[in-house]
$ cat protein-v7.txt   # compact mmCIF, C-alpha atoms
# COMPACT_ATOMS: atom_id res chain seq x y z
CA MET J 168 100.04 78.53 75.42
CA SER J 169 97.65 77.00 77.90
CA PRO J 170 94.07 78.21 78.44
CA ALA J 171 95.11 79.41 81.88
CA ASP J 172 97.60 81.72 80.21
CA THR J 173 95.10 83.17 77.76
CA GLY J 174 92.11 83.38 80.05
CA ALA J 175 90.14 81.06 77.74
CA SER J 176 87.82 78.36 78.97
CA THR J 177 88.58 74.69 78.44
CA VAL J 178 85.89 72.64 76.71
CA VAL J 179 86.16 68.86 76.33
CA GLY J 180 83.84 67.50 73.69
CA ALA J 181 80.28 68.61 74.33
CA ALA J 182 80.53 68.50 78.10
CA PRO J 183 79.25 71.62 79.90
CA LEU J 184 81.73 73.97 81.49
CA ALA J 185 82.60 73.10 85.05
CA PRO J 186 81.67 75.72 87.63
CA SER J 187 84.54 77.99 88.58
CA THR J 188 86.46 77.03 91.70
CA ASP J 189 88.25 80.38 91.81
CA SER J 190 87.50 81.84 95.24
CA ARG J 191 88.78 85.29 94.36
CA LEU J 192 86.43 88.27 94.20
CA ALA J 193 84.47 89.00 91.03
CA PRO J 194 81.80 91.54 90.05
CA GLY J 195 78.47 90.51 91.51
CA GLY J 196 80.11 88.18 94.01
CA PRO J 197 80.10 88.56 97.81
CA GLY J 198 82.49 91.17 99.11
CA TYR J 199 83.31 92.71 95.72
CA ARG J 200 81.26 95.86 96.26
CA ARG J 201 82.61 96.38 99.76
CA MET J 202 86.15 95.92 98.50
CA SER J 203 85.60 98.31 95.58
CA PHE J 204 84.06 101.01 97.75
CA ALA J 205 86.72 100.67 100.44
CA LEU J 206 89.57 101.07 97.96
CA PHE J 207 87.66 103.85 96.21
CA LEU J 208 87.61 105.73 99.54
CA ALA J 209 91.31 105.01 100.04
CA GLY J 210 91.97 106.51 96.63
CA VAL J 211 89.88 109.56 97.53
CA ALA J 212 91.83 110.13 100.75
CA THR J 213 95.22 109.54 99.11
CA PHE J 214 94.80 112.03 96.28
CA ALA J 215 92.91 114.60 98.35
CA LEU J 216 95.77 114.69 100.87
CA LEU J 217 98.60 114.32 98.39
CA TYR J 218 97.53 117.28 96.26
CA SER J 219 95.75 119.35 98.90
CA THR J 220 98.00 122.39 98.31
CA GLN J 221 98.07 122.28 94.51
CA ALA J 222 95.06 124.54 93.88
CA LEU J 223 96.26 126.87 96.65
CA LEU J 224 99.75 127.60 95.32
CA PRO J 225 99.03 131.24 94.36
CA LEU J 226 97.80 131.91 97.94
CA ILE J 227 100.81 130.12 99.46
CA SER J 228 103.11 132.15 97.20
CA GLY J 229 101.40 135.32 98.40
CA GLU J 230 101.61 134.53 102.12
CA PHE J 231 105.27 133.46 102.10
CA GLY J 232 106.40 135.85 99.35
CA VAL J 233 107.83 133.17 97.04
CA ALA J 234 107.63 132.36 93.32
CA ALA J 235 105.68 129.48 91.77
CA SER J 236 108.81 127.34 91.53
CA ALA J 237 109.32 127.56 95.34
CA ALA J 238 105.65 127.06 96.29
CA SER J 239 105.46 124.04 93.98
CA TRP J 240 107.69 122.17 96.44
CA THR J 241 104.65 121.74 98.71
CA VAL J 242 103.40 119.40 95.98
CA ALA J 243 106.75 118.01 94.82
CA GLY J 244 107.79 117.30 98.43
CA ALA J 245 104.72 115.15 99.03
CA THR J 246 104.98 113.21 95.79
CA GLY J 247 108.75 112.89 96.23
CA GLY J 248 108.30 111.46 99.72
CA LEU J 249 105.87 108.92 98.33
CA ALA J 250 108.24 108.00 95.49
CA VAL J 251 111.13 107.37 97.91
CA PHE J 252 109.19 105.33 100.46
CA VAL J 253 106.84 103.32 98.26
CA LEU J 254 109.32 100.46 97.80
CA PRO J 255 110.11 100.04 101.54
CA MET J 256 106.39 100.21 102.29
CA SER J 257 105.70 97.52 99.70
CA ALA J 258 108.25 95.28 101.44
CA LEU J 259 106.40 95.78 104.73
CA SER J 260 103.14 94.84 103.01
CA GLU J 261 104.73 91.61 101.77
CA ARG J 262 105.54 90.67 105.35
CA PHE J 263 102.69 92.12 107.42
CA GLY J 264 99.83 92.18 104.91
CA ARG J 265 98.29 94.66 102.49
CA ARG J 266 95.39 95.71 104.70
CA THR J 267 97.59 96.29 107.75
CA VAL J 268 100.04 98.51 105.88
CA MET J 269 97.29 100.48 104.10
CA THR J 270 95.51 101.10 107.40
CA GLY J 271 98.68 102.26 109.16
CA SER J 272 99.68 104.48 106.26
CA LEU J 273 96.32 106.23 106.20
CA ALA J 274 96.38 106.71 109.97
CA VAL J 275 99.75 108.50 109.88
CA ALA J 276 98.88 110.54 106.78
CA VAL J 277 95.63 111.89 108.19
CA THR J 278 97.33 112.75 111.49
CA VAL J 279 99.96 114.79 109.65
CA GLY J 280 97.18 116.30 107.55
CA LEU J 281 95.67 117.81 110.70
CA LEU J 282 99.07 119.42 111.51
CA VAL J 283 99.72 120.95 108.07
CA PRO J 284 97.45 124.01 108.58
CA PHE J 285 99.66 125.16 111.48
CA ALA J 286 102.96 125.22 109.55
CA PRO J 287 104.72 128.50 110.51
CA SER J 288 106.96 128.70 107.43
CA LEU J 289 107.28 127.37 103.90
CA THR J 290 110.15 125.10 104.96
CA THR J 291 108.06 123.53 107.71
CA LEU J 292 105.16 123.14 105.33
CA VAL J 293 107.32 121.33 102.77
CA VAL J 294 108.76 119.03 105.46
CA LEU J 295 105.28 118.12 106.75
CA ARG J 296 104.10 117.48 103.22
CA ALA J 297 107.10 115.23 102.56
CA VAL J 298 106.32 113.21 105.71
CA GLN J 299 102.69 112.98 104.62
CA GLY J 300 103.73 111.71 101.18
CA ALA J 301 106.04 109.13 102.77
CA ALA J 302 103.15 107.88 104.90
CA LEU J 303 100.84 107.64 101.90
CA ALA J 304 103.42 105.45 100.16
CA GLY J 305 101.83 102.42 101.81
CA LEU J 306 98.61 102.86 99.83
CA PRO J 307 99.14 102.67 96.05
CA ALA J 308 101.45 99.66 95.74
CA SER J 309 99.69 97.70 98.50
CA ALA J 310 96.27 98.38 96.95
CA THR J 311 97.40 97.18 93.53
CA ALA J 312 98.96 94.04 95.03
CA TYR J 313 95.81 93.41 97.12
CA LEU J 314 93.67 93.58 93.98
CA ALA J 315 96.03 91.34 92.00
CA GLU J 316 95.76 88.69 94.74
CA GLU J 317 92.10 89.00 95.70
CA VAL J 318 90.35 89.74 92.38
CA ARG J 319 89.94 87.38 89.43
CA PRO J 320 92.22 88.22 86.47
CA LYS J 321 89.42 89.10 84.06
CA ALA J 322 88.08 91.70 86.51
CA LEU J 323 91.49 93.15 87.45
CA VAL J 324 91.62 96.06 84.99
CA THR J 325 88.12 97.14 85.99
CA ALA J 326 88.90 96.84 89.72
CA ILE J 327 92.11 98.87 89.40
CA GLY J 328 90.22 101.35 87.24
CA LEU J 329 87.77 101.90 90.11
CA PHE J 330 90.68 102.51 92.49
CA VAL J 331 92.17 105.00 90.04
CA ALA J 332 88.70 106.56 89.73
CA GLY J 333 88.80 107.12 93.49
CA ASN J 334 92.11 108.89 92.96
CA SER J 335 90.48 111.20 90.44
CA VAL J 336 87.51 111.93 92.74
CA GLY J 337 89.89 112.66 95.61
CA GLY J 338 92.02 114.93 93.47
CA MET J 339 88.97 116.74 92.15
CA SER J 340 87.07 117.15 95.41
CA GLY J 341 90.18 118.18 97.30
CA ARG J 342 90.97 120.95 94.86
CA VAL J 343 87.38 122.16 94.48
CA ILE J 344 86.76 122.23 98.23
CA THR J 345 90.06 123.94 99.01
CA GLY J 346 89.43 126.54 96.30
CA TRP J 347 86.10 127.71 97.70
CA VAL J 348 87.07 127.38 101.38
CA ALA J 349 90.32 129.27 100.79
CA GLN J 350 88.48 132.09 99.04
CA GLU J 351 86.53 132.74 102.24
CA TRP J 352 88.86 131.66 105.06
CA GLY J 353 92.35 131.19 103.60
CA TRP J 354 94.47 128.23 102.57
CA ARG J 355 95.14 127.00 106.11
CA VAL J 356 91.49 126.36 106.88
CA ALA J 357 91.13 124.77 103.44
CA VAL J 358 93.81 122.12 103.99
CA GLY J 359 92.42 121.51 107.50
CA VAL J 360 89.02 120.68 106.01
CA ILE J 361 90.66 118.17 103.66
CA GLY J 362 92.37 116.57 106.66
CA VAL J 363 89.03 116.06 108.41
CA ILE J 364 87.45 114.56 105.29
CA ALA J 365 90.39 112.18 104.95
CA VAL J 366 89.88 110.99 108.53
CA GLY J 367 86.34 109.93 107.64
CA CYS J 368 87.54 108.11 104.52
CA ALA J 369 90.23 106.29 106.50
CA VAL J 370 87.78 105.04 109.13
CA ALA J 371 85.28 103.84 106.51
CA PHE J 372 88.06 102.12 104.55
CA ARG J 373 89.16 100.07 107.55
CA LEU J 374 85.60 99.04 108.38
CA LEU J 375 84.70 98.02 104.81
CA LEU J 376 87.77 96.33 103.31
CA PRO J 377 87.42 92.52 103.40
CA ALA J 378 90.20 90.59 105.09
CA PRO J 379 92.65 89.15 102.53
CA ARG J 380 92.16 85.47 101.76
CA HIS J 381 94.99 84.84 99.29
CA PHE J 382 97.88 86.76 100.85
CA LYS J 383 101.02 84.78 101.61
CA ALA J 384 103.60 86.47 103.81
CA GLY J 385 106.98 87.04 102.22
CA SER J 386 110.43 87.83 103.54
CA LEU J 387 111.79 91.14 104.82
CA ARG J 388 115.39 90.11 104.16
CA PRO J 389 117.16 92.86 102.17
CA ARG J 390 118.83 90.31 99.91
CA VAL J 391 115.50 88.78 98.92
CA LEU J 392 113.98 92.23 98.32
CA ALA J 393 116.98 93.31 96.23
CA ARG J 394 116.77 90.17 94.09
CA THR J 395 113.04 90.71 93.49
CA VAL J 396 113.58 94.35 92.52
CA ARG J 397 116.45 93.39 90.23
CA ASP J 398 114.30 90.77 88.50
CA HIS J 399 111.51 93.28 87.91
CA LEU J 400 113.89 95.89 86.52
CA ALA J 401 115.37 93.27 84.21
CA ASP J 402 111.94 92.70 82.62
CA PRO J 403 111.72 94.87 79.46
CA LEU J 404 107.93 95.10 79.58
CA LEU J 405 107.89 96.23 83.20
CA ARG J 406 110.58 98.83 82.46
CA ARG J 407 108.47 100.23 79.63
CA LEU J 408 105.37 100.36 81.83
CA TYR J 409 107.29 102.18 84.58
CA ALA J 410 108.56 104.78 82.10
CA ILE J 411 105.07 105.26 80.63
CA GLY J 412 103.59 105.87 84.09
CA ALA J 413 106.31 108.42 84.89
CA LEU J 414 105.85 110.29 81.62
CA PHE J 415 102.05 110.46 81.85
CA MET J 416 102.37 111.84 85.37
CA THR J 417 104.98 114.39 84.25
CA VAL J 418 102.32 115.89 81.99
CA PHE J 419 99.60 115.81 84.61
CA GLY J 420 101.75 117.13 87.47
CA GLY J 421 103.07 120.01 85.41
CA VAL J 422 99.72 121.11 84.01
CA TYR J 423 97.78 121.04 87.27
CA THR J 424 100.54 122.61 89.34
CA VAL J 425 100.75 125.64 87.05
CA ILE J 426 97.17 126.04 85.81
CA GLY J 427 96.11 127.96 88.92
CA TYR J 428 98.74 130.63 88.26
CA ARG J 429 97.67 130.97 84.64
CA LEU J 430 93.97 131.27 85.40
CA THR J 431 94.40 133.81 88.22
CA GLN J 432 96.47 136.05 85.92
CA ALA J 433 95.40 138.09 82.88
CA PRO J 434 93.61 137.57 80.53
CA PHE J 435 91.50 135.25 82.72
CA SER J 436 91.89 136.80 86.23
CA LEU J 437 89.58 134.23 87.84
CA PRO J 438 88.91 134.22 91.62
CA GLN J 439 90.31 131.38 93.73
CA GLY J 440 86.95 129.63 94.14
CA ILE J 441 86.38 129.46 90.39
CA VAL J 442 89.94 128.24 89.82
CA GLY J 443 89.32 125.43 92.33
CA SER J 444 86.12 124.50 90.50
CA ILE J 445 88.11 123.98 87.30
CA PHE J 446 89.20 120.70 88.86
CA LEU J 447 85.68 119.34 88.35
CA VAL J 448 87.10 118.10 85.05
CA TYR J 449 88.55 115.28 87.18
CA LEU J 450 85.12 113.66 86.77
CA VAL J 451 86.18 112.92 83.21
CA GLY J 452 89.16 111.03 84.64
CA THR J 453 86.83 109.03 86.85
CA VAL J 454 84.94 107.84 83.77
CA SER J 455 88.00 107.19 81.59
CA ALA J 456 89.79 105.23 84.33
CA SER J 457 86.77 103.07 85.16
CA THR J 458 86.23 102.22 81.47
CA ALA J 459 89.89 101.39 80.78
CA GLY J 460 89.13 97.66 80.86
CA ARG J 461 86.68 97.94 77.95
CA LEU J 462 89.16 100.13 76.06
CA VAL J 463 91.88 97.47 76.36
CA GLY J 464 89.37 94.82 75.28
CA ARG J 465 88.68 96.69 72.04
CA LEU J 466 92.07 98.18 71.16
CA GLY J 467 94.57 96.07 73.09
CA ARG J 468 96.98 97.52 75.64
CA ARG J 469 99.19 99.32 73.14
CA GLY J 470 96.23 100.65 71.17
CA ALA J 471 94.74 102.05 74.37
CA LEU J 472 98.06 103.73 75.23
CA TYR J 473 98.26 105.32 71.76
CA LEU J 474 94.74 106.68 72.19
CA ALA J 475 95.50 107.99 75.68
CA GLY J 476 98.69 109.70 74.51
CA GLY J 477 97.01 111.27 71.47
CA THR J 478 94.14 112.56 73.59
CA THR J 479 96.56 114.10 76.09
CA ALA J 480 98.60 115.79 73.34
CA ALA J 481 95.48 117.25 71.72
CA GLY J 482 94.44 118.65 75.09
CA LEU J 483 97.83 120.27 75.64
CA LEU J 484 97.66 122.03 72.29
CA LEU J 485 94.13 123.31 72.95
CA THR J 486 95.21 124.98 76.21
CA LEU J 487 97.49 127.30 74.22
CA VAL J 488 94.43 129.20 72.95
CA GLY J 489 93.95 132.45 74.85
CA SER J 490 90.26 132.02 75.72
CA LEU J 491 88.65 130.09 78.56
CA VAL J 492 86.47 127.57 76.70
CA PRO J 493 89.31 125.97 74.65
CA VAL J 494 91.48 125.88 77.79
CA LEU J 495 88.76 124.02 79.68
CA LEU J 496 88.23 121.60 76.80
CA GLY J 497 91.98 121.02 76.71
CA LEU J 498 92.01 120.20 80.42
CA VAL J 499 89.18 117.71 79.85
CA LEU J 500 91.18 115.92 77.16
CA ILE J 501 94.40 115.94 79.22
CA THR J 502 92.56 114.49 82.21
CA ALA J 503 90.79 111.79 80.19
CA GLY J 504 93.98 110.74 78.44
CA PHE J 505 96.06 110.69 81.61
CA PHE J 506 93.70 108.62 83.73
CA ALA J 507 93.06 106.12 80.94
CA GLY J 508 96.79 105.71 80.31
CA HIS J 509 97.54 105.35 84.01
CA ALA J 510 94.84 102.71 84.53
CA VAL J 511 96.04 100.70 81.52
CA ALA J 512 99.72 100.81 82.50
CA SER J 513 99.23 100.10 86.21
CA SER J 514 96.90 97.14 85.58
CA ALA J 515 99.41 95.73 83.07
CA VAL J 516 102.05 95.75 85.82
CA GLY J 517 99.77 93.67 88.04
CA ARG J 518 99.19 91.12 85.28
CA THR J 519 102.85 90.96 84.17
CA ALA J 520 104.43 90.35 87.59
CA THR J 521 103.87 86.74 88.66
CA ARG J 522 105.69 87.14 91.99
CA GLY J 523 106.72 90.03 94.18
CA ARG J 524 103.64 91.90 93.00
CA ALA J 525 103.91 94.52 95.74
CA GLN J 526 107.47 95.33 94.65
CA ALA J 527 106.44 95.44 90.99
CA ALA J 528 103.60 97.81 91.81
CA ALA J 529 105.87 99.83 94.10
CA LEU J 530 108.41 100.36 91.35
CA TYR J 531 105.60 101.58 89.09
CA GLN J 532 104.31 103.93 91.78
CA SER J 533 107.82 105.19 92.48
CA ALA J 534 108.36 106.02 88.81
CA TYR J 535 104.86 107.51 88.63
CA TYR J 536 105.41 109.90 91.54
CA ILE J 537 108.93 110.76 90.44
CA GLY J 538 107.18 111.88 87.26
CA SER J 539 104.75 113.92 89.34
CA SER J 540 107.55 115.63 91.26
CA ALA J 541 109.50 116.28 88.07
CA GLY J 542 106.43 117.59 86.28
CA SER J 543 105.47 119.89 89.16
CA THR J 544 108.98 121.34 89.43
CA VAL J 545 109.99 121.49 85.76
CA GLY J 546 106.53 122.67 84.71
CA ALA J 547 106.67 125.53 87.23
CA VAL J 548 110.22 126.48 86.21
CA ALA J 549 109.20 126.47 82.52
CA PHE J 550 106.16 128.63 83.32
CA HIS J 551 108.32 131.10 85.24
CA ALA J 552 110.81 131.26 82.35
CA THR J 553 108.61 131.28 79.23
CA GLY J 554 104.97 131.24 80.35
CA TRP J 555 102.29 128.63 79.72
CA SER J 556 103.79 127.60 76.38
CA GLY J 557 106.85 126.35 78.27
CA THR J 558 104.71 124.10 80.48
CA VAL J 559 102.90 122.77 77.40
CA GLY J 560 106.25 122.08 75.73
CA VAL J 561 107.35 119.96 78.69
CA GLY J 562 104.08 118.02 78.47
CA LEU J 563 104.36 117.39 74.73
CA LEU J 564 107.89 116.03 75.15
CA ALA J 565 106.59 113.62 77.80
CA VAL J 566 103.75 112.44 75.51
CA LEU J 567 106.26 111.91 72.71
CA GLY J 568 108.17 109.69 75.13
CA VAL J 569 105.03 107.62 75.82
CA VAL J 570 104.38 107.10 72.10
CA THR J 571 108.03 106.23 71.40
CA ILE J 572 108.16 103.65 74.19
CA THR J 573 104.89 102.09 73.02
CA VAL J 574 106.18 101.85 69.45
CA LEU J 575 109.34 100.13 70.71
CA GLY J 576 107.16 97.73 72.71
CA SER J 577 105.12 96.90 69.59
CA ARG J 578 108.30 96.15 67.64
CA ALA J 579 109.65 93.98 70.47
CA ALA J 580 106.38 92.02 70.54
CA ARG J 581 106.52 91.40 66.77
CA VAL J 582 110.12 90.18 67.01
CA ALA J 583 109.21 87.85 69.87
CA ALA J 584 106.26 86.47 67.90
CA ARG J 585 108.48 85.61 64.95
CA ARG J 586 111.12 83.95 67.13
CA PRO J 587 111.03 80.13 66.73
CA VAL J 588 109.97 78.16 69.79
CA THR J 589 112.63 75.76 71.02
CA ALA J 590 111.95 72.55 72.90
$ encode --input "protein-v7.txt" --output "structure tokens"
Amino acid sequence: MSPADTGASTVVGAAPLAPSTDSRLAPGGPGYRRMSFALFLAGVATFALLYSTQALLPLISGEFGVAASAASWTVAGATGGLAVFVLPMSALSERFGRRTVMTGSLAVAVTVGLLVPFAPSLTTLVVLRAVQGAALAGLPASATAYLAEEVRPKALVTAIGLFVAGNSVGGMSGRVITGWVAQEWGWRVAVGVIGVIAVGCAVAFRLLLPAPRHFKAGSLRPRVLARTVRDHLADPLLRRLYAIGALFMTVFGGVYTVIGYRLTQAPFSLPQGIVGSIFLVYLVGTVSASTAGRLVGRLGRRGALYLAGGTTAAGLLLTLVGSLVPVLLGLVLITAGFFAGHAVASSAVGRTATRGRAQAAALYQSAYYIGSSAGSTVGAVAFHATGWSGTVGVGLLAVLGVVTITVLGSRAARVAARRPVTA
């Protein structure tokens, strides 16, 4: 294997190392901070909009007179729209550029976000949320592809971790703000406030993000796109990473869709503002995502995934205790495990795909948000049928899937290592 493949430096005799000619962005270099902050803001806007109704589901249920399983479609519709449209959006980004597609996607999403508070019925609300999710589909895959092209390989995990950290801040701030605003003025004003905040993030993103320097336009021909997708799906490692992303998000989507119902009911009976503040535990996700690069450096990718899965499972079990402190600690562990696992898996996709990176990232994001939609819906149905223990059971099955897939990946790697190399 060549040094370029391993990331090692080449040394000839005692000669000093030649200065790097890699013009891509690196920590401390020009443009890196602007790029990081711009994509951080994009992540904030994406998750704040995407999950703007999640902390408000008990209020939405009350206004429209529906059960948790019906109200949860305001979340599942948005994540489902994103899952369906992320691959077409990635194709557009291959042709017209990552920055152009991300800017257009944010513009449409924030416009719809300003219309959501005026939805006259649950059906209209779900439709608007699905359109909003479809618009946001241009962000995740394009951002990952942008980073894979514009950032040096050794800094890629850290850079993607910062983008994921923006997701966690957006998810946290959106839920906390909506919780307190809704307690005073109702859920409609709350989602309107999130829409206004997202507008500010979108404007700052466009002003700060450096123009791409390494993007090469691809083809929009369906046959070329289909061949690229087929090649990615034929890669065993990519398939495993897609499944891991979906399963981690099944846990996270189920837990955070249902937790508001549990905490507003006995024995907790917390007010809406306090329930929204529970999402401050997302700060833990910000830290775990941004440190994922160091975790992989110490434990390797599979070791980091084992740790993330074990942490998530421990958190799920803690939330079964019927007092508030263990439940909060459980949410902290679930959040830390999820964001670390997501950052590790998504960055591995960017490093594995050598061409069609936007499609590779889009397939990951599609699987990821299918997991979110499934977790939101199945978690709510399980809660309605058997209570919180049912939601936890769904999450534990998903974590078991993560561990099983990682074990299979370890075995496949050992078999490949023992296979003789042929000329």
$ residues_around --input "protein-v7.txt" --residues "J:Gly542" --least-positions-apart "5" --cutoff "6 Å" --atoms "only C-alpha atoms" --output "PyMOL selection string"
chain J and resi 417+420-421
$ closest_residue --input "protein-v7.txt" --among "J:Gln299, J:Thr345, J:Gln532, J:Thr325" --to "J:Gln439" --atoms "all atoms listed in the file"
J:Thr345
$ residues_near_point --input "protein-v7.txt" --point "(107.9, 99.7, 83.4)" --cutoff "10 Å" --atoms "all atoms listed in the file" --output "compact mmCIF listing (two decimals) with C-alpha atoms, in the frame of the given file"
# COMPACT_ATOMS: atom_id res chain seq x y z
CA HIS J 399 111.51 93.28 87.91
CA LEU J 400 113.89 95.89 86.52
CA ALA J 401 115.37 93.27 84.21
CA ASP J 402 111.94 92.70 82.62
CA PRO J 403 111.72 94.87 79.46
CA LEU J 404 107.93 95.10 79.58
CA LEU J 405 107.89 96.23 83.20
CA ARG J 406 110.58 98.83 82.46
CA ARG J 407 108.47 100.23 79.63
CA LEU J 408 105.37 100.36 81.83
CA TYR J 409 107.29 102.18 84.58
CA ALA J 410 108.56 104.78 82.10
CA ILE J 411 105.07 105.26 80.63
CA GLY J 412 103.59 105.87 84.09
CA ALA J 413 106.31 108.42 84.89
CA ALA J 512 99.72 100.81 82.50
CA SER J 513 99.23 100.10 86.21
CA ALA J 515 99.41 95.73 83.07
CA VAL J 516 102.05 95.75 85.82
CA ALA J 527 106.44 95.44 90.99
CA ALA J 528 103.60 97.81 91.81
CA LEU J 530 108.41 100.36 91.35
CA TYR J 531 105.60 101.58 89.09
CA ALA J 534 108.36 106.02 88.81
CA TYR J 535 104.86 107.51 88.63
$ residues_around --input "protein-v7.txt" --residues "stretch 265-267 of chain J" --least-positions-apart "4" --cutoff "12 Å" --atoms "only C-alpha atoms" --output "count of residues only"
44
$ closest_residue --input "protein-v7.txt" --among "J:Ala238, J:Ala393, J:Val488, J:Ala349" --to "J:Gly523" --atoms "all atoms listed in the file"
J:Ala393
$ atom_distance --input "protein-v7.txt" --atom1 "atom CA of J:Thr478" --atom2 "atom CA of J:Gly504"
5.2 Å
$ residues_around --input "protein-v7.txt" --residues "J:Gln350" --least-positions-apart "3" --cutoff "12 Å" --atoms "only C-alpha atoms" --output "JSON list (two decimals) with C-alpha atoms, in the coordinates of the input"
[["chain", "number", "residue", "atom", "x", "y", "z"],
["J", 222, "ALA", "CA", 95.06, 124.54, 93.88],
["J", 223, "LEU", "CA", 96.26, 126.87, 96.65],
["J", 225, "PRO", "CA", 99.03, 131.24, 94.36],
["J", 226, "LEU", "CA", 97.80, 131.91, 97.94],
["J", 343, "VAL", "CA", 87.38, 122.16, 94.48],
["J", 344, "ILE", "CA", 86.76, 122.23, 98.23],
["J", 345, "THR", "CA", 90.06, 123.94, 99.01],
["J", 346, "GLY", "CA", 89.43, 126.54, 96.30],
["J", 347, "TRP", "CA", 86.10, 127.71, 97.70],
["J", 353, "GLY", "CA", 92.35, 131.19, 103.60],
["J", 354, "TRP", "CA", 94.47, 128.23, 102.57],
["J", 355, "ARG", "CA", 95.14, 127.00, 106.11],
["J", 356, "VAL", "CA", 91.49, 126.36, 106.88],
["J", 357, "ALA", "CA", 91.13, 124.77, 103.44],
["J", 437, "LEU", "CA", 89.58, 134.23, 87.84],
["J", 438, "PRO", "CA", 88.91, 134.22, 91.62],
["J", 439, "GLN", "CA", 90.31, 131.38, 93.73],
["J", 440, "GLY", "CA", 86.95, 129.63, 94.14],
["J", 441, "ILE", "CA", 86.38, 129.46, 90.39],
["J", 442, "VAL", "CA", 89.94, 128.24, 89.82],
["J", 443, "GLY", "CA", 89.32, 125.43, 92.33],
["J", 444, "SER", "CA", 86.12, 124.50, 90.50]]
$ closest_residue --input "protein-v7.txt" --among "J:Leu192, J:Leu487, J:Val569, J:Met269" --to "J:Gly508" --atoms "all atoms listed in the file"
J:Val569
$ atom_distance --input "protein-v7.txt" --atom1 "atom CA of J:Arg342" --atom2 "atom CA of J:Gln221"
7.2 Å
$ residues_around --input "protein-v7.txt" --residues "J:Gly196" --least-positions-apart "6" --cutoff "12 Å" --atoms "all atoms listed in the file" --output "list of chain:residue names"
J:Asp189, J:Ser190, J:Met202, J:Ser203, J:Val318, J:Arg319, J:Ala322
$ atom_distance --input "protein-v7.txt" --atom1 "atom CA of J:Ala475" --atom2 "atom CA of J:Val211"
22.6 Å
$ closest_residue --input "protein-v7.txt" --among "J:Thr220, J:Leu289, J:Ala301, J:Gly460" --to "J:Val358" --atoms "only C-alpha atoms"
J:Thr220
$ build_atoms --input "protein-v7.txt" --residues "stretch 441-453 of chain J" --atoms "N, CA and C atoms" --output "short mmCIF file (atom, residue, chain, number, x, y, z; two decimals), in the coordinates of the input"
data_model
loop_
_atom_site.label_atom_id
_atom_site.label_comp_id
_atom_site.auth_asym_id
_atom_site.auth_seq_id
_atom_site.Cartn_x
_atom_site.Cartn_y
_atom_site.Cartn_z
N ILE J 441 86.63 129.92 91.75
CA ILE J 441 86.38 129.46 90.39
C ILE J 441 87.55 128.60 89.89
N VAL J 442 88.77 129.03 90.22
CA VAL J 442 89.94 128.24 89.82
C VAL J 442 89.87 126.84 90.43
N GLY J 443 89.47 126.75 91.70
CA GLY J 443 89.32 125.43 92.33
C GLY J 443 88.27 124.59 91.64
N SER J 444 87.20 125.24 91.16
CA SER J 444 86.12 124.50 90.50
C SER J 444 86.54 123.96 89.15
N ILE J 445 87.60 124.51 88.57
CA ILE J 445 88.11 123.98 87.30
C ILE J 445 88.44 122.50 87.44
N PHE J 446 88.79 122.09 88.66
CA PHE J 446 89.20 120.70 88.86
C PHE J 446 88.02 119.72 88.82
N LEU J 447 86.81 120.23 88.59
CA LEU J 447 85.68 119.34 88.35
C LEU J 447 85.89 118.49 87.10
N VAL J 448 86.82 118.93 86.24
CA VAL J 448 87.10 118.10 85.05
C VAL J 448 87.68 116.75 85.45
N TYR J 449 88.09 116.59 86.71
CA TYR J 449 88.55 115.28 87.18
C TYR J 449 87.47 114.21 87.03
N LEU J 450 86.19 114.63 86.97
CA LEU J 450 85.12 113.66 86.77
C LEU J 450 85.31 112.91 85.46
N VAL J 451 85.88 113.58 84.48
CA VAL J 451 86.18 112.92 83.21
C VAL J 451 87.19 111.80 83.44
N GLY J 452 88.17 112.06 84.31
CA GLY J 452 89.16 111.03 84.64
C GLY J 452 88.53 109.85 85.34
N THR J 453 87.54 110.12 86.18
CA THR J 453 86.83 109.03 86.85
C THR J 453 86.21 108.08 85.83
#
